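The next block is input35.pdb, given as PDB, C-alpha atoms.
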ATOM      1  CA  MET A   1     -11.926  12.168  12.741  1.00  0.00           C
ATOM      2  CA  THR A   2      -9.656  10.587  10.174  1.00  0.00           C
ATOM      3  CA  ILE A   3      -9.935  12.515   6.937  1.00  0.00           C
ATOM      4  CA  SER A   4      -7.755  10.109   5.000  1.00  0.00           C
ATOM      5  CA  GLY A   5     -10.123   7.194   5.604  1.00  0.00           C
ATOM      6  CA  ILE A   6      -7.402   5.013   7.130  1.00  0.00           C
ATOM      7  CA  PRO A   7      -8.110   4.239  10.770  1.00  0.00           C
ATOM      8  CA  ASP A   8      -5.386   5.078  13.273  1.00  0.00           C
ATOM      9  CA  SER A   9      -5.485   1.510  14.592  1.00  0.00           C
ATOM     10  CA  LEU A  10      -4.497   0.178  11.163  1.00  0.00           C
ATOM     11  CA  LEU A  11      -1.653   2.678  10.904  1.00  0.00           C
ATOM     12  CA  GLN A  12      -0.441   1.642  14.365  1.00  0.00           C
ATOM     13  CA  GLN A  13      -0.600  -2.033  13.400  1.00  0.00           C
ATOM     14  CA  ILE A  14       1.389  -1.361  10.226  1.00  0.00           C
ATOM     15  CA  SER A  15       3.903   0.639  12.215  1.00  0.00           C
ATOM     16  CA  ASN A  16       4.341  -2.132  14.786  1.00  0.00           C
ATOM     17  CA  SER A  17       4.832  -4.809  12.134  1.00  0.00           C
ATOM     18  CA  ALA A  18       7.590  -2.908  10.310  1.00  0.00           C
ATOM     19  CA  THR A  19      10.739  -4.918  10.927  1.00  0.00           C
ATOM     20  CA  ARG A  20      13.134  -3.782   8.217  1.00  0.00           C
ATOM     21  CA  PRO A  21      14.551  -0.243   8.279  1.00  0.00           C
ATOM     22  CA  GLY A  22      13.048   0.445   4.860  1.00  0.00           C
ATOM     23  CA  ASP A  23       9.597  -0.521   6.130  1.00  0.00           C
ATOM     24  CA  ALA A  24       9.854   1.868   9.061  1.00  0.00           C
ATOM     25  CA  VAL A  25      10.895   4.685   6.745  1.00  0.00           C
ATOM     26  CA  ALA A  26       7.999   3.952   4.383  1.00  0.00           C
ATOM     27  CA  VAL A  27       5.503   3.953   7.254  1.00  0.00           C
ATOM     28  CA  THR A  28       6.930   7.202   8.604  1.00  0.00           C
ATOM     29  CA  MET A  29       6.681   8.806   5.172  1.00  0.00           C
ATOM     30  CA  MET A  30       3.101   7.559   4.791  1.00  0.00           C
ATOM     31  CA  ARG A  31       2.173   9.052   8.170  1.00  0.00           C
ATOM     32  CA  LYS A  32       3.767  12.368   7.202  1.00  0.00           C
ATOM     33  CA  ALA A  33       1.898  12.381   3.875  1.00  0.00           C
ATOM     34  CA  LEU A  34      -1.394  11.681   5.646  1.00  0.00           C
ATOM     35  CA  ASP A  35      -0.726  14.469   8.145  1.00  0.00           C
ATOM     36  CA  ILE A  36      -0.058  16.893   5.300  1.00  0.00           C
ATOM     37  CA  GLN A  37      -3.207  15.725   3.499  1.00  0.00           C
ATOM     38  CA  ALA A  38      -5.307  16.216   6.625  1.00  0.00           C
ATOM     39  CA  SER A  39      -3.864  19.683   7.165  1.00  0.00           C
ATOM     40  CA  GLN A  40      -4.527  20.713   3.571  1.00  0.00           C
ATOM     41  CA  ALA A  41      -8.076  19.345   3.687  1.00  0.00           C
ATOM     42  CA  THR A  42      -8.770  21.332   6.843  1.00  0.00           C
ATOM     43  CA  GLN A  43      -7.390  24.500   5.251  1.00  0.00           C
ATOM     44  CA  LEU A  44      -9.498  23.932   2.138  1.00  0.00           C
ATOM     45  CA  ILE A  45     -12.679  23.441   4.159  1.00  0.00           C
ATOM     46  CA  GLN A  46     -11.978  26.587   6.184  1.00  0.00           C
ATOM     47  CA  SER A  47     -11.264  28.658   3.082  1.00  0.00           C
ATOM     48  CA  VAL A  48     -14.506  27.557   1.430  1.00  0.00           C
ATOM     49  CA  SER A  49     -16.576  28.427   4.489  1.00  0.00           C
ATOM     50  CA  GLN A  50     -14.896  31.861   4.752  1.00  0.00           C
ATOM     51  CA  SER A  51     -15.334  32.742   1.084  1.00  0.00           C
ATOM     52  CA  SER A  52     -19.027  31.888   0.781  1.00  0.00           C
ATOM     53  CA  PRO A  53     -21.272  34.975   0.944  1.00  0.00           C
ATOM     54  CA  ASP A  54     -23.894  35.402   3.626  1.00  0.00           C
ATOM     55  CA  PRO A  55     -27.206  34.325   2.046  1.00  0.00           C
ATOM     56  CA  SER A  56     -29.227  36.727   4.203  1.00  0.00           C
ATOM     57  CA  SER A  57     -27.436  39.715   2.663  1.00  0.00           C
ATOM     58  CA  ARG A  58     -28.761  38.867  -0.812  1.00  0.00           C
ATOM     59  CA  LEU A  59     -32.047  37.202   0.026  1.00  0.00           C
ATOM     60  CA  GLY A  60     -35.103  39.342  -0.694  1.00  0.00           C
ATOM     61  CA  GLY A  61     -33.142  42.297  -2.004  1.00  0.00           C
ATOM     62  CA  ASN A  62     -34.883  42.319  -5.410  1.00  0.00           C
ATOM     63  CA  ILE A  63     -38.619  41.756  -5.579  1.00  0.00           C
ATOM     64  CA  ASP A  64     -40.430  41.768  -8.930  1.00  0.00           C
ATOM     65  CA  ILE A  65     -43.936  43.086  -8.331  1.00  0.00           C
ATOM     66  CA  ARG A  66     -45.103  42.934 -11.979  1.00  0.00           C
ATOM     67  CA  ALA A  67     -47.149  40.003 -13.058  1.00  0.00           C
TER      68      ALA A  67
END
What would the structure in this file look like if it were written as structure tokens?
Amino acid sequence: MTISGIPDSLLQQISNSATRPGDAVAVTMMRKALDIQASQATQLIQSVSQSSPDPSSRLGGNIDIRA
């Protein structure tokens, strides 16, 4: 799964077409930035799932029987 939305095939094509040294550096930096973004997104998703309370622990704990 590509979190960044840029397919790996496109990144490979860009990497293969880089002919000048500056282009190769730019592509390498872009890949590194996308790797960091993917890592941070994964960490964020994991932290959200860990911090959410269990709904069954709160569900049905308070019942109002007055009408």
Item to check | Point-to-point distance from atom CA of A:Ser39 to atom CA of A:Ile6, Å rounded to tenths | outcome: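 So the answer is 15.1 Å.
Interatomic distance, atom CA of A:Ala33 to atom CA of A:Val48: 22.5 Å.
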Item to check | Best match for closeness to A:Leu34 among A:Leu11, A:Gln46, A:Asp64, A:Gly22, counting only C-alpha atoms | outcome: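 Result for the nearest residue to A:Leu34: A:Leu11.
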Item to check | Separation of atom CA of A:Met29 from atom CA of A:Thr42, in Å and rounded to one decimal | outcome: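 Value for the atom CA of A:Met29-atom CA of A:Thr42 distance: 20.0 Å.
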Once you add 3 Å to each side, what are the centre and edge lengths of the axis-aligned box holding all listed atoms of stretch 18-37 of chain A? One decimal in Å, as AutoDock Vina command-line options, if you can.
--center_x 5.7 --center_y 6.0 --center_z 7.2 --size_x 23.8 --size_y 27.8 --size_z 13.4
